[in-house]
>>> print(open('data-v9.txt').read())   # compact mmCIF, C-alpha atoms and all ligand atoms
# COMPACT_ATOMS: atom_id res chain seq x y z
CA MET F 1 12.93 -3.92 15.04
CA ASP F 2 11.48 -0.90 16.84
CA LEU F 3 10.24 2.21 15.09
CA LEU F 4 13.37 4.27 15.77
CA SER F 5 15.70 1.64 14.30
CA THR F 6 13.38 1.22 11.33
CA VAL F 7 13.34 4.95 10.62
CA GLY F 8 17.12 5.06 11.10
CA LEU F 9 17.64 2.26 8.61
CA ALA F 10 15.30 3.91 6.11
CA THR F 11 17.02 7.28 6.42
CA LYS F 12 20.43 5.76 5.81
CA ARG F 13 19.23 3.96 2.71
CA ARG F 14 17.14 6.76 1.24
CA SER F 15 19.20 7.41 -1.88
CA ASP F 16 19.38 3.65 -2.65
CA TYR F 17 15.61 3.46 -2.33
CA ILE F 18 15.14 6.41 -4.67
CA GLU F 19 17.39 4.84 -7.32
CA GLN F 20 15.55 1.51 -7.07
CA ALA F 21 12.20 3.30 -7.22
CA LYS F 22 13.18 5.15 -10.40
CA THR F 23 14.06 1.84 -12.08
CA LEU F 24 10.76 0.33 -10.94
CA ALA F 25 8.75 3.34 -12.15
CA ARG F 26 10.48 3.25 -15.55
CA LYS F 27 9.70 -0.42 -15.89
CA TYR F 28 6.02 -0.39 -14.89
CA LYS F 29 5.05 3.14 -15.98
CA GLU F 30 1.46 2.96 -14.67
CA GLN F 31 0.23 2.78 -11.09
CA SER F 32 -2.06 -0.18 -11.82
CA ARG F 33 0.81 -2.20 -13.30
CA LEU F 34 3.06 -1.33 -10.38
CA GLU F 35 0.31 -2.45 -8.01
CA GLU F 36 -0.06 -5.80 -9.81
CA ARG F 37 3.69 -6.30 -9.68
CA MET F 38 3.79 -5.58 -5.94
CA LYS F 39 0.92 -7.99 -5.29
CA ALA F 40 2.91 -10.73 -6.96
CA GLU F 41 5.98 -9.77 -4.93
CA SER F 42 3.94 -9.91 -1.72
CA LEU F 43 2.93 -13.48 -2.47
CA GLY F 44 6.51 -14.43 -3.39
CA LEU F 45 7.88 -12.85 -0.24
CA VAL F 46 5.49 -14.56 2.19
CA LYS F 47 5.88 -17.88 0.41
CA GLY F 48 9.67 -17.61 0.49
CA PHE F 49 9.61 -16.89 4.20
CA ARG F 50 7.14 -19.70 4.98
CA ASP F 51 9.20 -22.14 2.95
CA LYS F 52 12.34 -21.08 4.87
CA LEU F 53 14.13 -19.60 1.88
CA MET F 54 14.86 -16.59 4.07
CA ARG F 55 15.24 -15.93 7.76
CA TRP F 56 13.11 -13.55 9.78
CA GLU F 57 15.70 -10.75 9.66
CA GLU F 58 15.80 -10.88 5.89
CA TYR F 59 12.02 -11.01 5.62
CA GLU F 60 11.64 -8.02 7.91
CA ARG F 61 14.28 -6.02 6.08
CA THR F 62 12.78 -6.88 2.68
CA MET F 63 9.32 -5.79 3.84
CA ILE F 64 10.71 -2.42 4.91
CA ASP F 65 12.71 -1.97 1.69
CA LYS F 66 9.89 -2.97 -0.62
CA THR F 67 7.27 -0.89 1.20
CA LEU F 68 9.37 2.25 0.79
CA VAL F 69 10.58 1.59 -2.75
CA SER F 70 7.07 0.80 -3.93
CA ALA F 71 5.66 4.00 -2.37
CA LEU F 72 8.44 6.09 -3.91
CA ALA F 73 7.93 4.47 -7.31
CA ALA F 74 4.21 5.30 -7.12
CA CYS F 75 5.05 8.94 -6.34
CA ILE F 76 7.47 9.03 -9.28
CA ILE F 77 4.79 7.71 -11.64
CA GLY F 78 2.43 10.45 -10.38
CA ILE F 79 5.13 13.12 -10.76
CA LYS F 80 5.72 12.24 -14.42
CA GLU F 81 9.31 13.50 -14.56
CA ASP F 82 8.45 17.01 -13.54
CA LYS F 83 11.43 18.00 -11.31
CA THR F 84 11.27 14.53 -9.81
CA ASP F 85 14.07 14.80 -7.27
CA ARG F 86 12.87 18.01 -5.73
CA LYS F 87 9.35 16.66 -5.39
CA LEU F 88 10.56 13.35 -3.98
CA GLU F 89 12.26 15.27 -1.18
CA LYS F 90 8.79 16.39 -0.13
CA CYS F 91 7.20 12.97 -0.61
CA TRP F 92 9.80 11.13 1.45
CA PRO F 93 8.83 12.34 4.97
CA ILE F 94 5.17 11.73 4.14
CA ILE F 95 5.92 8.16 3.05
CA VAL F 96 8.04 7.48 6.15
CA GLY F 97 5.42 8.99 8.47
CA ASP F 98 2.51 7.15 6.86
CA MET F 99 4.05 3.74 6.34
CA LEU F 100 6.70 2.97 8.95
CA PRO F 101 4.68 3.21 12.19
CA PRO F 102 1.96 0.75 11.07
CA LEU F 103 4.52 -1.43 9.29
CA THR F 104 6.65 -1.74 12.43
CA LYS F 105 3.58 -2.78 14.40
CA PHE F 106 2.49 -5.23 11.73
CA LEU F 107 5.94 -6.85 11.63
CA ALA F 108 6.00 -7.19 15.43
CA GLU F 109 2.61 -8.89 15.25
CA THR F 110 3.79 -11.29 12.54
CA LYS F 111 6.84 -12.16 14.66
CA GLU F 112 4.53 -12.88 17.56
CA TYR F 113 2.45 -15.24 15.40
CA ILE F 114 5.65 -17.04 14.39
CA ASP F 115 7.00 -17.26 17.94
CA SER F 116 3.72 -18.48 19.39
CA GLY F 117 3.19 -21.04 16.62
CA VAL F 118 0.05 -19.48 15.14
CA LEU F 119 1.99 -19.35 11.88
CA ARG F 120 4.30 -22.33 11.43
CA LEU F 121 7.40 -22.00 9.27
CA GLY F 122 7.61 -24.77 6.71
CA ASP F 123 3.89 -25.42 7.06
CA GLN F 124 2.85 -26.48 3.59
CA THR F 125 -0.67 -27.59 4.43
CA VAL F 126 -1.92 -24.71 2.34
CA ASP F 127 -0.77 -24.57 -1.23
CA PHE F 128 -0.83 -20.92 -2.24
CA ALA F 129 -1.50 -21.96 -5.81
CA ASP F 130 -4.70 -23.75 -4.80
CA TYR F 131 -5.79 -21.33 -2.15
CA ASP F 132 -8.29 -18.79 -3.30
CA LEU F 133 -6.54 -15.47 -2.89
CA ALA F 134 -9.11 -13.78 -5.07
CA PRO F 135 -9.96 -10.86 -2.79
CA ALA F 136 -6.32 -9.92 -2.60
CA LEU F 137 -4.66 -11.04 -5.78
CA ALA F 138 -7.24 -11.18 -8.51
CA LEU F 139 -8.81 -8.20 -6.89
CA SER F 140 -10.52 -6.17 -9.47
CA ASP F 141 -12.36 -3.16 -8.13
CA GLU F 142 -15.54 -4.49 -9.70
CA GLU F 143 -15.32 -7.67 -7.62
CA LEU F 144 -14.65 -5.78 -4.45
CA LEU F 145 -17.57 -3.50 -5.01
CA ASP F 146 -20.03 -6.36 -4.90
CA THR F 147 -19.55 -6.83 -1.18
CA ASN F 148 -19.54 -4.26 1.56
CA PRO F 149 -16.77 -4.41 4.20
CA GLU F 150 -18.97 -6.29 6.65
CA GLU F 151 -19.78 -9.04 4.15
CA GLN F 152 -16.11 -9.10 3.20
CA GLY F 153 -15.20 -9.70 6.85
CA LEU F 154 -17.57 -12.67 7.03
CA ILE F 155 -16.15 -14.15 3.85
CA GLU F 156 -12.65 -13.78 5.21
CA ALA F 157 -13.57 -15.32 8.56
CA GLU F 158 -15.16 -18.26 6.79
CA ALA F 159 -12.03 -18.82 4.77
CA ARG F 160 -10.05 -18.61 8.06
CA ARG F 161 -7.96 -15.84 6.69
CA ALA F 162 -9.11 -13.08 9.00
CA GLN F 163 -6.52 -11.10 10.98
CA GLY F 164 -3.47 -12.54 9.30
CA GLN F 165 -3.57 -15.79 11.27
CA SER F 166 -2.91 -18.04 8.31
CA TRP F 167 -0.25 -17.78 5.63
CA PRO F 168 -2.65 -16.71 2.87
CA ALA F 169 -4.16 -14.15 5.25
CA LEU F 170 -0.69 -12.81 5.84
CA VAL F 171 -0.28 -12.33 2.08
CA THR F 172 -3.45 -10.24 2.04
CA ARG F 173 -2.06 -8.01 4.76
CA VAL F 174 1.38 -7.73 3.18
CA ILE F 175 -0.38 -6.50 0.03
CA ASN F 176 -1.81 -3.67 2.15
CA TYR F 177 1.74 -2.38 2.62
CA LEU F 178 3.52 -3.31 -0.59
CA ALA F 179 0.84 -2.91 -3.22
CA ARG F 180 -2.34 -1.08 -2.27
CA PRO F 181 -0.77 2.15 -0.96
CA THR F 182 0.64 2.78 -4.45
CA PHE F 183 -2.70 4.35 -5.34
CA SER F 184 -2.48 6.97 -2.60
CA PHE F 185 1.19 7.76 -3.30
CA PHE F 186 0.55 8.02 -7.03
CA ASN F 187 -2.03 10.66 -6.11
CA LEU F 188 0.47 12.38 -3.86
CA GLY F 189 2.84 12.66 -6.82
CA GLU F 190 0.10 14.15 -8.97
CA TYR F 191 -0.78 16.55 -6.18
CA MET F 192 2.80 17.84 -6.04
CA VAL F 193 2.69 18.52 -9.78
CA SER F 194 -0.71 20.26 -9.63
CA ARG F 195 0.52 22.52 -6.86
CA ASP F 196 3.62 23.45 -8.87
CA GLN F 197 1.48 24.16 -11.89
CA GLY F 198 -0.52 26.68 -9.93
CA TYR F 199 -3.84 24.90 -9.57
CA LYS F 200 -5.86 26.49 -6.79
CA GLU F 201 -8.60 23.98 -6.05
CA MET F 202 -9.12 20.26 -5.69
CA ARG F 203 -12.02 17.89 -5.27
CA ARG F 204 -12.26 14.26 -4.31
CA ILE F 205 -14.57 12.12 -6.38
CA ALA F 206 -15.90 9.09 -4.50
CA LYS F 207 -17.11 6.01 -6.31
CA ASP F 208 -20.76 5.93 -5.49
CA ASP F 209 -21.39 2.30 -4.59
CA LYS F 210 -22.03 0.34 -1.42
CA ARG F 211 -18.37 -0.13 -0.57
CA THR F 212 -17.73 3.60 -0.54
CA CYS F 213 -17.29 4.63 3.08
CA LYS F 214 -18.98 7.53 4.86
CA ASP F 215 -15.79 9.58 4.96
CA CYS F 216 -15.26 9.32 1.22
CA ARG F 217 -18.87 10.28 0.55
CA ARG F 218 -18.44 13.30 2.81
CA TYR F 219 -15.26 14.44 1.04
CA GLY F 220 -16.99 13.93 -2.28
CA ALA F 221 -19.97 16.01 -1.17
CA GLU F 222 -17.70 18.90 -0.17
CA GLY F 223 -16.96 19.55 -3.83
CA TRP F 224 -14.22 22.01 -4.78
CA ARG F 225 -11.92 23.03 -1.92
CA PRO F 226 -8.72 25.10 -1.75
CA LEU F 227 -5.67 23.07 -2.74
CA GLY F 228 -4.25 21.04 0.14
CA GLU F 229 -7.43 21.02 2.21
CA LEU F 230 -8.52 17.52 1.26
CA PRO F 231 -6.52 14.43 2.23
CA MET F 232 -5.18 12.09 -0.45
CA PRO F 233 -7.27 8.99 -1.20
CA GLY F 234 -6.73 6.42 1.53
CA LYS F 235 -5.91 9.11 4.10
CA GLY F 236 -8.55 10.42 6.45
CA CYS F 237 -11.03 7.75 5.39
CA ARG F 238 -11.83 4.46 7.02
CA CYS F 239 -11.40 2.47 3.84
CA TYR F 240 -7.63 3.19 3.97
CA ALA F 241 -5.69 1.35 1.29
CA ASN F 242 -8.92 0.18 -0.34
CA CYS F 243 -9.95 3.73 -1.15
CA ARG F 244 -10.20 4.39 -4.88
CA CYS F 245 -11.44 7.98 -4.78
CA TYR F 246 -9.74 10.13 -7.35
CA ILE F 247 -8.77 13.75 -7.28
CA GLU F 248 -9.37 16.51 -9.79
CA TYR F 249 -7.65 19.90 -9.86
CA ARG F 250 -8.53 23.23 -11.38
ZN ZN R 301 -13.39 5.67 2.13
ZN ZN R 302 -12.29 6.74 -1.02
>>> encode(input="data-v9.txt", output="structure tokens", more="lines below")
Ligand SMILES: [Zn+2]
Ligand SMILES: [Zn+2]
Amino acid sequence: MDLLSTVGLATKRRSDYIEQAKTLARKYKEQSRLEERMKAESLGLVKGFRDKLMRWEEYERTMIDKTLVSALAACIIGIKEDKTDRKLEKCWPIIVGDMLPPLTKFLAETKEYIDSGVLRLGDQTVDFADYDLAPALALSDEELLDTNPEEQGLIEAEARRAQGQSWPALVTRVINYLARPTFSFFNLGEYMVSRDQGYKEMRRIAKDDKRTCKDCRRYGAEGWRPLGELPMPGKGCRCYANCRCYIEYR
């Protein structure tokens, strides 16, 4: 599906997505629990597709639905029932603009891997249960922090999971759409509330360890800035969805 059709589909289904997101947010209540849930769903989705429980069209559609619902749910958790609907109106175009262009590209790439046989449907040579998905699934921030991105790349290459060219690698990448962005969108929700409450300044606190990227350190060093002048965690920094900077308001 091209970007225009994807955006068209999303726009048509917006109110459905919002209803589903509210249910999800009520059920999981905290961003970290939502993220865990979406990691598990990522694994289930890729496994279901590999094992031919669903066709490509359904997989593609489910990826789009879940990416948007998960992002909305994260915003709702950040908003904490403070004029939720009005704030979601403002979150929606940001979610669509941030997520759908890369997602459309990612899906096209996955389709290419399927069509060219890099990923084989029904290929059960890798048992997901046995495969070490630790960096993606058991991912605790502590664990991640022990390796810098370069070392992480080497580890992934060794495990032949780099670039999404194996089924477990695909899970890792799906998690980057379904689960990890919840952190940034949770922060977006909180930002909307802080703005409404009249806070004037914000600062971004970077974790000071070797995985913290240059951009995040720079934002951190800037200290207090006028509200709206610093990007949300995961935006404007090269660590993207892995960013775990947090934001304070005053
Ligand atoms: Zn960063
Ligand atoms: Zn960061």
>>> residues_near_ligand(input="data-v9.txt", ligand="ligand ZN 301 (chain R)", cutoff="12 Å", atoms="only C-alpha atoms and all ligand atoms", output="PDB file with C-alpha atoms, keeping the file's coordinate frame")
ATOM      1  CA  ASN F 148     -19.540  -4.260   1.560  1.00  0.00           C
ATOM      2  CA  PRO F 149     -16.770  -4.410   4.200  1.00  0.00           C
ATOM      3  CA  SER F 184      -2.480   6.970  -2.600  1.00  0.00           C
ATOM      4  CA  ARG F 204     -12.260  14.260  -4.310  1.00  0.00           C
ATOM      5  CA  ILE F 205     -14.570  12.120  -6.380  1.00  0.00           C
ATOM      6  CA  ALA F 206     -15.900   9.090  -4.500  1.00  0.00           C
ATOM      7  CA  LYS F 207     -17.110   6.010  -6.310  1.00  0.00           C
ATOM      8  CA  ASP F 208     -20.760   5.930  -5.490  1.00  0.00           C
ATOM      9  CA  ASP F 209     -21.390   2.300  -4.590  1.00  0.00           C
ATOM     10  CA  LYS F 210     -22.030   0.340  -1.420  1.00  0.00           C
ATOM     11  CA  ARG F 211     -18.370  -0.130  -0.570  1.00  0.00           C
ATOM     12  CA  THR F 212     -17.730   3.600  -0.540  1.00  0.00           C
ATOM     13  CA  CYS F 213     -17.290   4.630   3.080  1.00  0.00           C
ATOM     14  CA  LYS F 214     -18.980   7.530   4.860  1.00  0.00           C
ATOM     15  CA  ASP F 215     -15.790   9.580   4.960  1.00  0.00           C
ATOM     16  CA  CYS F 216     -15.260   9.320   1.220  1.00  0.00           C
ATOM     17  CA  ARG F 217     -18.870  10.280   0.550  1.00  0.00           C
ATOM     18  CA  ARG F 218     -18.440  13.300   2.810  1.00  0.00           C
ATOM     19  CA  TYR F 219     -15.260  14.440   1.040  1.00  0.00           C
ATOM     20  CA  GLY F 220     -16.990  13.930  -2.280  1.00  0.00           C
ATOM     21  CA  PRO F 231      -6.520  14.430   2.230  1.00  0.00           C
ATOM     22  CA  MET F 232      -5.180  12.090  -0.450  1.00  0.00           C
ATOM     23  CA  PRO F 233      -7.270   8.990  -1.200  1.00  0.00           C
ATOM     24  CA  GLY F 234      -6.730   6.420   1.530  1.00  0.00           C
ATOM     25  CA  LYS F 235      -5.910   9.110   4.100  1.00  0.00           C
ATOM     26  CA  GLY F 236      -8.550  10.420   6.450  1.00  0.00           C
ATOM     27  CA  CYS F 237     -11.030   7.750   5.390  1.00  0.00           C
ATOM     28  CA  ARG F 238     -11.830   4.460   7.020  1.00  0.00           C
ATOM     29  CA  CYS F 239     -11.400   2.470   3.840  1.00  0.00           C
ATOM     30  CA  TYR F 240      -7.630   3.190   3.970  1.00  0.00           C
ATOM     31  CA  ALA F 241      -5.690   1.350   1.290  1.00  0.00           C
ATOM     32  CA  ASN F 242      -8.920   0.180  -0.340  1.00  0.00           C
ATOM     33  CA  CYS F 243      -9.950   3.730  -1.150  1.00  0.00           C
ATOM     34  CA  ARG F 244     -10.200   4.390  -4.880  1.00  0.00           C
ATOM     35  CA  CYS F 245     -11.440   7.980  -4.780  1.00  0.00           C
ATOM     36  CA  TYR F 246      -9.740  10.130  -7.350  1.00  0.00           C
TER      37      TYR F 246
END
>>> closest_residue(input="data-v9.txt", among="F:Lys87, F:Lys80, F:Arg203, F:Arg50", to="ligand ZN 302 (chain R)", atoms="only C-alpha atoms and all ligand atoms")
F:Arg203
>>> closest_residue(input="data-v9.txt", among="F:Ala108, F:Leu188, F:Ile247, F:Met63", to="ligand ZN 302 (chain R)", atoms="all atoms listed in the file")
F:Ile247
>>> atom_distance(input="data-v9.txt", atom1="atom CA of F:Arg195", atom2="atom CA of F:Asp65")
28.7 Å
>>> atom_distance(input="data-v9.txt", atom1="atom CA of F:Gly44", atom2="atom CA of F:Arg120")
16.9 Å
>>> closest_residue(input="data-v9.txt", among="F:Phe183, F:Tyr191, F:Val69, F:Glu60", to="ligand ZN 302 (chain R)", atoms="all atoms listed in the file")
F:Phe183
>>> atom_distance(input="data-v9.txt", atom1="atom CA of F:Leu34", atom2="atom CA of F:Leu227")
27.0 Å
>>> closest_residue(input="data-v9.txt", among="F:Ile95, F:Ile77, F:Val193, F:Ile114", to="F:Arg33", atoms="only C-alpha atoms")
F:Ile77
>>> residues_around(input="data-v9.txt", residues="F:Arg37", least_positions_apart="6", cutoff="10 Å", atoms="all atoms listed in the file", output="NGL selection string")
:F and (24 or 28 or 31 or 70 or 178-179)
>>> closest_residue(input="data-v9.txt", among="F:Leu230, F:Lys52, F:Gln197, F:Pro102", to="ligand ZN 302 (chain R)", atoms="only C-alpha atoms and all ligand atoms")
F:Leu230
>>> residues_around(input="data-v9.txt", residues="F:Gly48", least_positions_apart="2", cutoff="12 Å", atoms="all atoms listed in the file", output="NGL selection string")
:F and (41-46 or 50-56 or 58-59 or 62 or 121-124 or 128 or 167 or 171)
>>> write_last_selection(input="data-v9.txt", atoms="C-alpha atoms", output="PDB file, keeping the file's coordinate frame")
ATOM      1  CA  GLU F  41       5.980  -9.770  -4.930  1.00  0.00           C
ATOM      2  CA  SER F  42       3.940  -9.910  -1.720  1.00  0.00           C
ATOM      3  CA  LEU F  43       2.930 -13.480  -2.470  1.00  0.00           C
ATOM      4  CA  GLY F  44       6.510 -14.430  -3.390  1.00  0.00           C
ATOM      5  CA  LEU F  45       7.880 -12.850  -0.240  1.00  0.00           C
ATOM      6  CA  VAL F  46       5.490 -14.560   2.190  1.00  0.00           C
ATOM      7  CA  ARG F  50       7.140 -19.700   4.980  1.00  0.00           C
ATOM      8  CA  ASP F  51       9.200 -22.140   2.950  1.00  0.00           C
ATOM      9  CA  LYS F  52      12.340 -21.080   4.870  1.00  0.00           C
ATOM     10  CA  LEU F  53      14.130 -19.600   1.880  1.00  0.00           C
ATOM     11  CA  MET F  54      14.860 -16.590   4.070  1.00  0.00           C
ATOM     12  CA  ARG F  55      15.240 -15.930   7.760  1.00  0.00           C
ATOM     13  CA  TRP F  56      13.110 -13.550   9.780  1.00  0.00           C
ATOM     14  CA  GLU F  58      15.800 -10.880   5.890  1.00  0.00           C
ATOM     15  CA  TYR F  59      12.020 -11.010   5.620  1.00  0.00           C
ATOM     16  CA  THR F  62      12.780  -6.880   2.680  1.00  0.00           C
ATOM     17  CA  LEU F 121       7.400 -22.000   9.270  1.00  0.00           C
ATOM     18  CA  GLY F 122       7.610 -24.770   6.710  1.00  0.00           C
ATOM     19  CA  ASP F 123       3.890 -25.420   7.060  1.00  0.00           C
ATOM     20  CA  GLN F 124       2.850 -26.480   3.590  1.00  0.00           C
ATOM     21  CA  PHE F 128      -0.830 -20.920  -2.240  1.00  0.00           C
ATOM     22  CA  TRP F 167      -0.250 -17.780   5.630  1.00  0.00           C
ATOM     23  CA  VAL F 171      -0.280 -12.330   2.080  1.00  0.00           C
TER      24      VAL F 171
END
>>> closest_residue(input="data-v9.txt", among="F:Arg61, F:Lys111, F:Lys90, F:Lys105", to="F:Gly189", atoms="only C-alpha atoms")
F:Lys90
>>> residues_near_point(input="data-v9.txt", point="(-9.3, 25.5, -5.0)", cutoff="7 Å", atoms="only C-alpha atoms", output="PyMOL selection string")
chain F and resi 200-202+224-227+250
>>> residues_around(input="data-v9.txt", residues="F:Arg14", least_positions_apart="4", cutoff="12 Å", atoms="all atoms listed in the file", output="ChimeraX atom specification")
/F:7-10,18-21,64-65,68-69,72,88-89,91-93,95-96
>>> build_atoms(input="data-v9.txt", residues="stretch 69-96 of chain F", atoms="N, CA and C atoms", output="PDB file, keeping the file's coordinate frame")
ATOM      1  N   VAL F  69      10.273   1.460  -1.317  1.00  0.00           N
ATOM      2  CA  VAL F  69      10.580   1.590  -2.750  1.00  0.00           C
ATOM      3  C   VAL F  69       9.289   1.642  -3.566  1.00  0.00           C
ATOM      4  N   SER F  70       8.326   0.817  -3.203  1.00  0.00           N
ATOM      5  CA  SER F  70       7.070   0.800  -3.930  1.00  0.00           C
ATOM      6  C   SER F  70       6.333   2.143  -3.794  1.00  0.00           C
ATOM      7  N   ALA F  71       6.315   2.702  -2.579  1.00  0.00           N
ATOM      8  CA  ALA F  71       5.660   4.000  -2.370  1.00  0.00           C
ATOM      9  C   ALA F  71       6.362   5.101  -3.165  1.00  0.00           C
ATOM     10  N   LEU F  72       7.680   5.081  -3.145  1.00  0.00           N
ATOM     11  CA  LEU F  72       8.440   6.090  -3.910  1.00  0.00           C
ATOM     12  C   LEU F  72       8.182   5.943  -5.407  1.00  0.00           C
ATOM     13  N   ALA F  73       8.164   4.703  -5.878  1.00  0.00           N
ATOM     14  CA  ALA F  73       7.930   4.470  -7.310  1.00  0.00           C
ATOM     15  C   ALA F  73       6.556   5.006  -7.706  1.00  0.00           C
ATOM     16  N   ALA F  74       5.562   4.801  -6.829  1.00  0.00           N
ATOM     17  CA  ALA F  74       4.210   5.300  -7.120  1.00  0.00           C
ATOM     18  C   ALA F  74       4.219   6.829  -7.196  1.00  0.00           C
ATOM     19  N   CYS F  75       4.930   7.477  -6.280  1.00  0.00           N
ATOM     20  CA  CYS F  75       5.050   8.940  -6.340  1.00  0.00           C
ATOM     21  C   CYS F  75       5.687   9.358  -7.658  1.00  0.00           C
ATOM     22  N   ILE F  76       6.758   8.669  -8.046  1.00  0.00           N
ATOM     23  CA  ILE F  76       7.470   9.030  -9.280  1.00  0.00           C
ATOM     24  C   ILE F  76       6.545   8.922 -10.487  1.00  0.00           C
ATOM     25  N   ILE F  77       5.726   7.862 -10.518  1.00  0.00           N
ATOM     26  CA  ILE F  77       4.790   7.710 -11.640  1.00  0.00           C
ATOM     27  C   ILE F  77       3.804   8.887 -11.650  1.00  0.00           C
ATOM     28  N   GLY F  78       3.355   9.310 -10.462  1.00  0.00           N
ATOM     29  CA  GLY F  78       2.430  10.450 -10.380  1.00  0.00           C
ATOM     30  C   GLY F  78       3.105  11.765 -10.765  1.00  0.00           C
ATOM     31  N   ILE F  79       4.388  11.877 -10.486  1.00  0.00           N
ATOM     32  CA  ILE F  79       5.130  13.120 -10.760  1.00  0.00           C
ATOM     33  C   ILE F  79       5.415  13.303 -12.256  1.00  0.00           C
ATOM     34  N   LYS F  80       5.501  12.200 -12.966  1.00  0.00           N
ATOM     35  CA  LYS F  80       5.720  12.240 -14.420  1.00  0.00           C
ATOM     36  C   LYS F  80       6.921  13.099 -14.825  1.00  0.00           C
ATOM     37  N   GLU F  81       8.043  12.843 -14.196  1.00  0.00           N
ATOM     38  CA  GLU F  81       9.310  13.500 -14.560  1.00  0.00           C
ATOM     39  C   GLU F  81       9.252  15.015 -14.575  1.00  0.00           C
ATOM     40  N   ASP F  82       8.512  15.562 -13.647  1.00  0.00           N
ATOM     41  CA  ASP F  82       8.450  17.010 -13.540  1.00  0.00           C
ATOM     42  C   ASP F  82       9.248  17.409 -12.290  1.00  0.00           C
ATOM     43  N   LYS F  83      10.526  17.703 -12.441  1.00  0.00           N
ATOM     44  CA  LYS F  83      11.430  18.000 -11.310  1.00  0.00           C
ATOM     45  C   LYS F  83      11.294  16.919 -10.233  1.00  0.00           C
ATOM     46  N   THR F  84      11.512  15.692 -10.666  1.00  0.00           N
ATOM     47  CA  THR F  84      11.270  14.530  -9.810  1.00  0.00           C
ATOM     48  C   THR F  84      11.996  14.603  -8.465  1.00  0.00           C
ATOM     49  N   ASP F  85      13.298  14.879  -8.510  1.00  0.00           N
ATOM     50  CA  ASP F  85      14.070  14.800  -7.270  1.00  0.00           C
ATOM     51  C   ASP F  85      13.600  15.795  -6.215  1.00  0.00           C
ATOM     52  N   ARG F  86      13.312  16.988  -6.671  1.00  0.00           N
ATOM     53  CA  ARG F  86      12.870  18.010  -5.730  1.00  0.00           C
ATOM     54  C   ARG F  86      11.535  17.619  -5.095  1.00  0.00           C
ATOM     55  N   LYS F  87      10.653  17.057  -5.914  1.00  0.00           N
ATOM     56  CA  LYS F  87       9.350  16.660  -5.390  1.00  0.00           C
ATOM     57  C   LYS F  87       9.467  15.442  -4.474  1.00  0.00           C
ATOM     58  N   LEU F  88      10.391  14.540  -4.817  1.00  0.00           N
ATOM     59  CA  LEU F  88      10.560  13.350  -3.980  1.00  0.00           C
ATOM     60  C   LEU F  88      11.038  13.720  -2.578  1.00  0.00           C
ATOM     61  N   GLU F  89      11.813  14.788  -2.494  1.00  0.00           N
ATOM     62  CA  GLU F  89      12.260  15.270  -1.180  1.00  0.00           C
ATOM     63  C   GLU F  89      11.060  15.549  -0.284  1.00  0.00           C
ATOM     64  N   LYS F  90       9.992  16.062  -0.904  1.00  0.00           N
ATOM     65  CA  LYS F  90       8.790  16.390  -0.130  1.00  0.00           C
ATOM     66  C   LYS F  90       7.931  15.153   0.131  1.00  0.00           C
ATOM     67  N   CYS F  91       8.003  14.196  -0.785  1.00  0.00           N
ATOM     68  CA  CYS F  91       7.200  12.970  -0.610  1.00  0.00           C
ATOM     69  C   CYS F  91       7.794  12.076   0.488  1.00  0.00           C
ATOM     70  N   TRP F  92       9.113  12.075   0.558  1.00  0.00           N
ATOM     71  CA  TRP F  92       9.800  11.130   1.450  1.00  0.00           C
ATOM     72  C   TRP F  92       9.311  11.163   2.916  1.00  0.00           C
ATOM     73  N   PRO F  93       9.292  12.358   3.569  1.00  0.00           N
ATOM     74  CA  PRO F  93       8.830  12.340   4.970  1.00  0.00           C
ATOM     75  C   PRO F  93       7.382  11.901   5.115  1.00  0.00           C
ATOM     76  N   ILE F  94       6.583  12.154   4.085  1.00  0.00           N
ATOM     77  CA  ILE F  94       5.170  11.730   4.140  1.00  0.00           C
ATOM     78  C   ILE F  94       5.103  10.199   4.079  1.00  0.00           C
ATOM     79  N   ILE F  95       5.893   9.620   3.187  1.00  0.00           N
ATOM     80  CA  ILE F  95       5.920   8.160   3.050  1.00  0.00           C
ATOM     81  C   ILE F  95       6.387   7.513   4.365  1.00  0.00           C
ATOM     82  N   VAL F  96       7.489   8.041   4.900  1.00  0.00           N
ATOM     83  CA  VAL F  96       8.040   7.480   6.150  1.00  0.00           C
ATOM     84  C   VAL F  96       7.001   7.588   7.275  1.00  0.00           C
TER      85      VAL F  96
END
